[in-house]
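Notes for the one structure printed next.
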Number of protein chains: 4
Amino acid sequence: MSGNSIGRHFVVTSGGESHGPALVGIVDGCPPGLELSAADLQRDLDRRKPGQSRHTTQRRESDTVEILSGVFEGRTTGTPIGLLIRNEDQRSHDYSAIADRYRPGHADYSYDQKYGIRDYRGGGRSSARETAIRVAAGAIAKKYLADRLGITIRGYLSQLGPLQPRGFDWEQVGCNPFFWPCAETVPDLEHYMDALRKSGDSIGAAVTVVASGMPTGLGEPVFDRLDAEIAHALMSINAVKGVEIGAGFACITQTGSEHRDAMTPDGFLSNNAGGILGGISTGQDIIARLALKPTSSLRLPGQSIDRQGTAVEVITTGRHDPCVGIRATPIAEAMLALVLMDHVLRQRGQNAEVVPPLPAIPASPHSLI
Amino acid sequence: MSGNSIGRHFVVTSGGESHGPALVGIVDGCPPGLELSAADLQRDLDRRKPGQSRHTTQRRESDTVEILSGVFEGRTTGTPIGLLIRNEDQRSHDYSAIADRYRPGHADYSYDQKYGIRDYRGGGRSSARETAIRVAAGAIAKKYLADRLGITIRGYLSQLGPLQPRGFDWEQVGCNPFFWPCAETVPDLEHYMDALRKSGDSIGAAVTVVASGMPTGLGEPVFDRLDAEIAHALMSINAVKGVEIGAGFACITQTGSEHRDAMTPDGFLSNNAGGILGGISTGQDIIARLALKPTSSLRLPGQSIDRQGTAVEVITTGRHDPCVGIRATPIAEAMLALVLMDHVLRQRGQNAEVVPPLPAIPASPHSLI
Amino acid sequence: MSGNSIGRHFVVTSGGESHGPALVGIVDGCPPGLELSAADLQRDLDRRKPGQSRHTTQRRESDTVEILSGVFEGRTTGTPIGLLIRNEDQRSHDYSAIADRYRPGHADYSYDQKYGIRDYRGGGRSSARETAIRVAAGAIAKKYLADRLGITIRGYLSQLGPLQPRGFDWEQVGCNPFFWPCAETVPDLEHYMDALRKSGDSIGAAVTVVASGMPTGLGEPVFDRLDAEIAHALMSINAVKGVEIGAGFACITQTGSEHRDAMTPDGFLSNNAGGILGGISTGQDIIARLALKPTSSLRLPGQSIDRQGTAVEVITTGRHDPCVGIRATPIAEAMLALVLMDHVLRQRGQNAEVVPPLPAIPASPHSLI
Amino acid sequence: MSGNSIGRHFVVTSGGESHGPALVGIVDGCPPGLELSAADLQRDLDRRKPGQSRHTTQRRESDTVEILSGVFEGRTTGTPIGLLIRNEDQRSHDYSAIADRYRPGHADYSYDQKYGIRDYRGGGRSSARETAIRVAAGAIAKKYLADRLGITIRGYLSQLGPLQPRGFDWEQVGCNPFFWPCAETVPDLEHYMDALRKSGDSIGAAVTVVASGMPTGLGEPVFDRLDAEIAHALMSINAVKGVEIGAGFACITQTGSEHRDAMTPDGFLSNNAGGILGGISTGQDIIARLALKPTSSLRLPGQSIDRQGTAVEVITTGRHDPCVGIRATPIAEAMLALVLMDHVLRQRGQNAEVVPPLPAIPASPHSLI
């Protein structure tokens with residue numbers, strides 16, 4: 001039961017269905033005194049929101065957020081921050097044809113198995129629409145981390161189906177509708193997506209998120225390791241099927257002498273660890289990569305069953321993202337921010353006298369592609 | 001602060017250092033009436049324990065577990081089960097040479113940054129020795145899941161450096177010191193490991209764990225999704241750098257029509273989802289794969305610094321596993337068991353009237369290699 | 001940090017200030033399939049709301065609740081239930097005179113010490129206005145407990161300053177503005193309150209809450225005992241300074257032979273335990289009593305300091321309850337309902353085969369006065 | 001399920017039965033660098049242990065604690081502190097006569113209802129023997145609070161049946177076997193207890209605990225208020241039926257002008273609040289009082305039933321405390337220490353710039369009696 005809260009010190013609780021009246025969130029544990037307004041949240045919400053280009057769903061939602069509590073005279077008070085985003089473009093009639101059928105690859109069947117009740121309006125709670133609250137809450141964390149601790153959290157699309165960037169430039173990420181770090185290959189993505197949309201099919205993708213300006217000492221052995229918590233947070237995003245930190249799966253074929261990051265008085269010489277050793281941050285950049293499956297909402301007919309167990313064919317005619325990975329970058333950033341924020345607050349209880357940290361060496365373009 | 005507990009209903013709390021007096025665990029939330037003795041835990045502890053072959057560390061530990069509480073007249077009482085494993089072969093003098101130096105790729109530096117104090121005896125709390133308690137606790141969960149619900153949890157080594165199995169047979173997994181599912185290629189592993197040990201280097205590996213006989217409906221949207229909790233649990237194992245579920249990272253290049261698992265009245269036709277949709281179990285086998293880095297404890301000198309920040313060279317002469325992945329299989333099984341046990345108990349609160357589930361189609365050898 | 005959630009399975013998270021835009025709540029973990037509408041919550045909200053008689057604050061709030069999520073086609077879906085109550089009668093100008101002064105006996109000073117920031121508008125988060133969300137959430141729990149398990153939760157004002165009821169009748173509790181169980185003495189309360197209001201002073205009170213139709217087995221030893229959780233929940237209500245269960249403080253002078261409740265095949269012969277032994281429900285009525293302090297918001301001048309530490313005199317001219325205990329009955333009922341609901345869901349994981357329970361003997365009028 | 005952990009940052013998990021092999025505890029979240037040895041814990045364990053005078057149970061237990069982990073070279077490391085206390089004087093044959101009978105006023109019936117299994121050896125988990133781990137863990141918290149923050153936690157027996165102290169002197173508390181603060185009336189207690197023991201009956205008691213040297217700002221609104229958490233912790237002690245803070249139940253008949261504590265530049269002028277306003281510490285002494293019921297283990301026959309529901313008579317012939325309140329003082333101190341320690345660590349995440357606190361005025365003898 002329950003399961004809609006994340007964090008222990010900076011606790012985000014979320015509610016709301018894809019086609020219900022509203023999404024709602026409560027952020028509990030934000031320290032007092034942070035300058036905050038709805039505009040601070042809206043920026044990231046706008047990066048996530050649908051209908052920004054022809055490559056994402058055409059559902060129209062302004063995703064306007066209202067702060068209901070926890071902010072007084074432009075600053076956080078330390079009390080819970082209530083967040084409200086009304087749903088606007090609900091068109092639930094789009095979904096009536098599949099009210100009794102399980103869309104293959106969707107949560108329809110598993111939700112019905114769990115709850116014995118099904119909100120067939122566009123996925124209900126299982127829809128990625130829910131992530132709007134994550135992004136709004138994550139924006140609070142990002143602002144605190146940046147303003148108070150100089151931690152920057154950024155992400156980008158690191159693979160779209162078979163396509164990979166050929167170069168890397170953080171500046172480019174904000175200049176195209178894909179969060180793609182390589183200007184040269186953006187046209188390839190556009191052609192690929194146009195063809196895909198025409199085919200009625202969808203495609204998987206990978207997103208990479210990076211935290212720079214990291215303090216040392218974040219993460220709690222042994223079960224609440226920072227990497228374990230990041231894996232939890234990122235895997236909780238809809239459609240994610242894999243998470244890796246630093247060298248990730250590539251470490252399987254590495255030798256120890258290759259993998260271990262040498263330390264010098266000037267800092268680490270590489271970052272196979274992805275900024276985490278023994279579950280605790282080393283001060284190096286945190287680097288995490290996630291794999292997102294292709295959406296199962298397709299115009300192409302799929303084999304399935306209905307609630308009575310009869311074989312049926314399912315076609316999804318609603319408005320959907322042919323590559324959910326495209327809009328996932330701000331969501332992944334938000335989730336990484338929530339984990340770091342939580343651990344910043346957890347770590348404060350520590351109060352240890354520690355040895356001075358090594359200089360941090362930022363993630364290189366090489367390690368990011 | 002804290003972080004040494006996992007689970008919400010079936011809560012495992014663990015303590016103990018590599019070279020301290022003992023490892024200790026408390027398993028809170030085990031339902032009453034389960035037949036249980038220390039022998040039930042010892043079986044999996046013996047599978048994990050060091051010194052079973054020449055391919056693992058030669059540290060000698062019997063890993064004998066004592067049950068301190070929670071079992072009366074051979075059955076669990078519903079009260080916390082205390083677990084005690086005394087350390088026997090501590091030889092802490094092995095480590096004195098590196099008491100002031102940070103071993104590269106180890107948690108020495110990050111622990112010192114966090115706590116300002118360092119237990120230099122073989123990694124202290126950051127040592128994988130801690131996983132003995134996980135295995136003991138996981139054995140309780142495995143027994144409950146098997147006896148009461150018919151859920152079987154099994155794992156195997158699915159890659160060792162560049163080596164992959166060529167065939168798949170569950171029976172073989174218990175017949176060699178590698179947990180390897182393919183008899184034909186065992187000699188390759190032995191030669192590879194012998195050469196590696198001679199070289200003084202180490203190698204990464206992958207482990208796959210599978211839960212069969214799964215009920216539907218386990219997992220709590222949205223943050224406590226079953227896959228998110230599995231990712232958390234598996235990434236919390238020492239040396240793990242990546243986790244994937246079902247198709248995992250391969251989904252990046254899949255199309256939606258390939259990836260989505262068709263449903264028929266006779267069951268699902270494939271298992272790209274790895275048994276989880278929308279964070280909730282579908283009744284198919286759960287399949288998860290984890291990447292383990294090569295250990296950084298090498299006889300080969302590594303570049304590092306000491307506590308004063310001076311450049312030093314570090315050589316690790318203690319007894320270590322040249323491939324930590326080899327002993328990781330029972331640990332990964334234990335962690336998967338703990339997550340499933342926790343969610344079985346969570347799900348019970350639900351009490352929903354649900355539609356009858358689809359027949360389960362077990363993981364095929366094809367999908368397991 | 002944080003602290004605005006209660007429960008582990010039936011988790012209520014709350015936000016909102018006395019004079020901010022709105023109160024907001026998220027109820028996570030309500031089982032699916034419960035018939036629920038806003039009207040079900042409104043009933044208890046109306047019992048709590050101000051301005052119902054001349055004996056409570058004259059602030060005008062309709063306390064209209066909107067359900068934002070978690071209910072579809074009139075039934076709960078198992079997903080989080082979002083609750084929104086807009087503040088209407090905020091008149092924050094009433095409070096400007098004390099923006100810089102700490103009202104004695106209020107949370108002004110302690111909040112400022114904790115947060116370094118002060119929402120001076122009527123107490124901000126520390127105002128009892130926050131309890132509206134508790135009452136709304138509690139109404140969901142009460143409905144589930146009543147509909148599915150036949151558990152009834154009722155409360156009444158058991159003392160108002162020096163005045164105690166002379167008789168006891170549950171029917172009377174709903175027939176006067178005091179939740180008073182004795183018709184004969186209602187005029188005494190009215191005279192007392194009229195004189196008190198004239199004097200500008202306030203008075204303490206006691207409230208008793210009772211749960212009938214209890215199942216056995218609720219409560220988790222040793223720290224999450226049912227009585228400990230009830231004490232926590234009731235003491236978390238604004239102005240509460242004491243909580244007792246069953247015989248409560250009277251047990252200090254009882255002997256063991258008086259106190260222990262004899263058991264017979266027909267049930268217990270008394271209920272000094274208040275329905276709980278060893279922290280676990282016995283099936284007898286749960287009886288808890290709470291002491292509420294007199295409000296410190298008085299027209300009578302009080303000695304205090306301002307933010308600069310200078311001595312000042314404080315007079316509170318806003319609209320306040322001269323006896324906060326009067327409106328506390330529905331709040332106490334709600335908190336008891338939340339604890340029981342949480343433990344009903346926790347207990348389900350247990351799945352034990354138990355011996356048949358004793359017949360319950362309801363709380364007698366004698367034990368209730 | 002579960003329930004044997006308390007705290008969120010300083011988490012104590014406990015296991016062990018009255019007549020099992022051992023009691024075990026894990027303290028997770030103790031900051032690193034605290035000087036600590038088993039002797040620090042033994043002091044309070046010795047204050048709690050049985051057989052210290054003729055007025056408590058004659059069970060012989062040395063209650064020797066072993067620290068299993070988390071301490072290295074005499075200082076805490078920040079990792080979990082494992083605690084082990086072997087049971088020595090178990091004499092389980094004492095209990096065989098009642099293996100099938102429910103002792104009235106005990107947890108026998110409710111445990112059997114919950115778990116369907118009964119550990120009849122002296123109460124099993126429901127025995128107050130379990131509190132030894134609380135006292136050991138509390139001693140760690142007390143040491144940290146005293147050494148690092150100057151917070152002192154002390155308690156005393158404030159009422160024994162009808163007997164109350166006539167004077168108050170902290171020095172006296174350690175000079176008699178009752179933790180009684182008034183030398184003059186100690187002989188009255190001895191006579192009372194001797195007569196009681198002869199009669200075969202038992203008696204209730206009250207204990208008061210006080211924390212001095214308090215910082216401001218501890219406690220988290222709204223559900224995790226400091227007073228709510230104290231109520232939880234104290235009510236979780238075996239036999240406690242009531243908890244009050246500051247004026248407590250006496251506030252029912254107080255007026256607001258009496259109750260509210262005036263503030264001056266030199267501090268508060270009284271302490272009806274018991275050091276907590278709005279759930280947050282004010283820097284004044286925390287004062288809490290708890291009521292303990294008379295034990296139900298009597299030589300006098302009691303009416304009860306057996307497991308089959310048949311009426312039986314129960315006589316308890318084991319070794320029991322005729323007044324459990326006598327040994328409760330160190331337990332209550334420990335629980336208060338655990339709550340404060342947890343909130344000290346929670347509060348650190350806050351990092352607010354606050355106004356300077358008022359000078360604290362210590363609890364006066366007047367307010368303590």
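We label chains A, B, ... in the order they appear in the structure tokens, count residues from 1 in each chain, and number ligands from 1 in the order shown.
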
Quiz item: Got a sec: who's within 7 Å of Pro322 in chain A, counting only C-alpha atoms, leaving out chain neighbours fewer than 3 positions off, as a PyMOL selection string?
Solution: chain A and resi 56+197+201-203+295

Quiz prompt | DSSP strand (DSSP E) residues within range 89-223 of chain B, listed as an NGL selection string | solution = :B and (152-160 or 205-212)

Output of the above residues as a PDB file, in the first residue's frame, restricted to C-alpha atoms:
ATOM      1  CA  THR B 152      11.404 -19.632  -6.633  1.00  0.00           C
ATOM      2  CA  ILE B 153      14.364 -17.283  -6.776  1.00  0.00           C
ATOM      3  CA  ARG B 154      17.466 -18.336  -8.648  1.00  0.00           C
ATOM      4  CA  GLY B 155      20.509 -16.614 -10.077  1.00  0.00           C
ATOM      5  CA  TYR B 156      23.579 -17.341 -12.107  1.00  0.00           C
ATOM      6  CA  LEU B 157      26.712 -15.721 -13.400  1.00  0.00           C
ATOM      7  CA  SER B 158      25.739 -14.544 -16.879  1.00  0.00           C
ATOM      8  CA  GLN B 159      29.039 -13.039 -17.980  1.00  0.00           C
ATOM      9  CA  LEU B 160      32.609 -13.114 -16.684  1.00  0.00           C
ATOM     10  CA  ALA B 205      31.105  -9.726 -14.361  1.00  0.00           C
ATOM     11  CA  ALA B 206      27.347  -9.870 -14.765  1.00  0.00           C
ATOM     12  CA  VAL B 207      24.825 -11.775 -12.690  1.00  0.00           C
ATOM     13  CA  THR B 208      21.237 -12.529 -13.639  1.00  0.00           C
ATOM     14  CA  VAL B 209      18.492 -13.254 -11.113  1.00  0.00           C
ATOM     15  CA  VAL B 210      15.086 -14.678 -11.871  1.00  0.00           C
ATOM     16  CA  ALA B 211      11.939 -15.080  -9.792  1.00  0.00           C
ATOM     17  CA  SER B 212       9.506 -17.717 -11.045  1.00  0.00           C
TER      18      SER B 212
END

Rows by chain and residue number, chain C within 6 Å of chain A, shortest pair, only C-alpha atoms, as a tab-separated table:
residue	atom	partner	partner_atom	distance
C:Met1	CA	A:Gly29	CA	4.8
C:Ser2	CA	A:Gly29	CA	3.9
C:His9	CA	A:Met1	CA	5.5
C:Gly15	CA	A:Pro80	CA	5.1
C:Gly16	CA	A:Ser69	CA	4.9
C:Pro21	CA	A:Leu68	CA	5.6
C:Ala22	CA	A:Leu68	CA	5.6
C:Asp28	CA	A:Ser2	CA	4.9
C:Gly29	CA	A:Ser2	CA	3.9
C:Pro32	CA	A:Tyr115	CA	5.9
C:Leu68	CA	A:Pro21	CA	5.6
C:Ser69	CA	A:Gly16	CA	4.9
C:Pro80	CA	A:Gly15	CA	5.1
C:Tyr115	CA	A:Pro32	CA	5.9

Quiz item: Using the chain letters and numbers from this document, which residues of range 126-244 of chain A does DSSP assign to alpha helix (DSSP H), as a PyMOL selection string?
Solution: chain A and resi 131-149+170-173+186-199+226-235

Quiz item: Using only C-alpha atoms, which residues sit within 12 Å of Pro265 in chain B once same-chain residues fewer than 2 positions away are excluded, as an MDAnalysis selection string?
Solution: (chainID A and resid 102 303:312) or (chainID B and resid 262:263 267:269 356:361)

Exercise. Write out as a list of chain:residue names each polymer residue whose atoms come within 6 Å of range 274-287 of chain C, counting only C-alpha atoms; drop sequence neighbours fewer than 4 positions from it.
Key: C:Val209, C:Val210, C:Ala211, C:Ser212, C:Met214, C:Pro215, C:Thr216, C:Gly217, C:Leu218, C:Gly219, C:Arg225, C:Leu226, C:Asp227, C:Ile245, C:Gly246, C:Ala360, C:Pro362, C:Ala363, D:Ala107, D:Ser110

Write the residues of the preceding selection, restricted to N, CA and C atoms, as a tab-separated table (two decimals), in the first residue's frame.
chain	number	residue	atom	x	y	z
C	209	VAL	N	-12.27	9.67	23.22
C	209	VAL	CA	-12.64	9.00	21.96
C	209	VAL	C	-12.68	7.50	22.20
C	210	VAL	N	-13.61	6.88	21.50
C	210	VAL	CA	-13.87	5.45	21.71
C	210	VAL	C	-14.02	4.77	20.35
C	211	ALA	N	-13.36	3.63	20.19
C	211	ALA	CA	-13.58	2.81	19.00
C	211	ALA	C	-14.26	1.52	19.41
C	212	SER	N	-15.41	1.26	18.81
C	212	SER	CA	-16.18	0.04	19.13
C	212	SER	C	-16.18	-0.89	17.92
C	214	MET	N	-14.09	-3.40	17.64
C	214	MET	CA	-12.66	-3.58	17.34
C	214	MET	C	-12.31	-5.04	17.03
C	215	PRO	N	-11.47	-5.23	16.04
C	215	PRO	CA	-10.88	-6.56	15.86
C	215	PRO	C	-9.73	-6.74	16.86
C	216	THR	N	-9.36	-7.98	17.13
C	216	THR	CA	-8.16	-8.23	17.93
C	216	THR	C	-6.94	-8.16	17.02
C	217	GLY	N	-5.78	-8.00	17.63
C	217	GLY	CA	-4.54	-8.18	16.88
C	217	GLY	C	-3.96	-6.93	16.24
C	218	LEU	N	-4.58	-5.76	16.42
C	218	LEU	CA	-4.00	-4.55	15.84
C	218	LEU	C	-2.91	-4.00	16.76
C	219	GLY	N	-1.82	-3.54	16.17
C	219	GLY	CA	-0.71	-3.00	16.96
C	219	GLY	C	0.53	-3.84	16.75
C	225	ARG	N	3.52	-0.10	19.15
C	225	ARG	CA	2.35	-0.53	19.91
C	225	ARG	C	1.16	0.34	19.53
C	226	LEU	N	-0.02	-0.25	19.56
C	226	LEU	CA	-1.21	0.52	19.19
C	226	LEU	C	-1.40	1.70	20.13
C	227	ASP	N	-1.17	1.51	21.43
C	227	ASP	CA	-1.36	2.63	22.36
C	227	ASP	C	-0.31	3.72	22.14
C	245	ILE	N	-4.88	6.10	28.20
C	245	ILE	CA	-5.61	4.98	27.61
C	245	ILE	C	-6.25	4.19	28.75
C	246	GLY	N	-7.52	3.85	28.60
C	246	GLY	CA	-8.21	3.05	29.62
C	246	GLY	C	-8.18	3.76	30.97
C	360	ALA	N	-16.78	-9.22	22.53
C	360	ALA	CA	-16.41	-7.90	23.02
C	360	ALA	C	-17.49	-7.37	23.95
C	362	PRO	N	-18.89	-3.85	25.21
C	362	PRO	CA	-18.70	-2.44	24.87
C	362	PRO	C	-18.39	-1.58	26.08
C	363	ALA	N	-17.80	-0.42	25.83
C	363	ALA	CA	-17.53	0.54	26.89
C	363	ALA	C	-18.85	0.88	27.58
D	107	ALA	N	-0.19	-9.64	28.03
D	107	ALA	CA	-0.32	-9.65	26.58
D	107	ALA	C	-0.53	-11.04	26.02
D	110	SER	N	-3.63	-11.17	23.70
D	110	SER	CA	-3.57	-10.33	22.50
D	110	SER	C	-2.47	-10.81	21.55

Quiz item: When distances are computed from only C-alpha atoms, which of A:Arg327, A:His343, A:Arg289, A:Lys49 shows the smallest separation from Phe178 in chain A?
Solution: A:Arg327

Quiz item: Using only C-alpha atoms, which residue out of B:Val314, B:Leu292, B:Ile6, B:Ala228 lies closest to Ile98 in chain B?
Solution: B:Val314
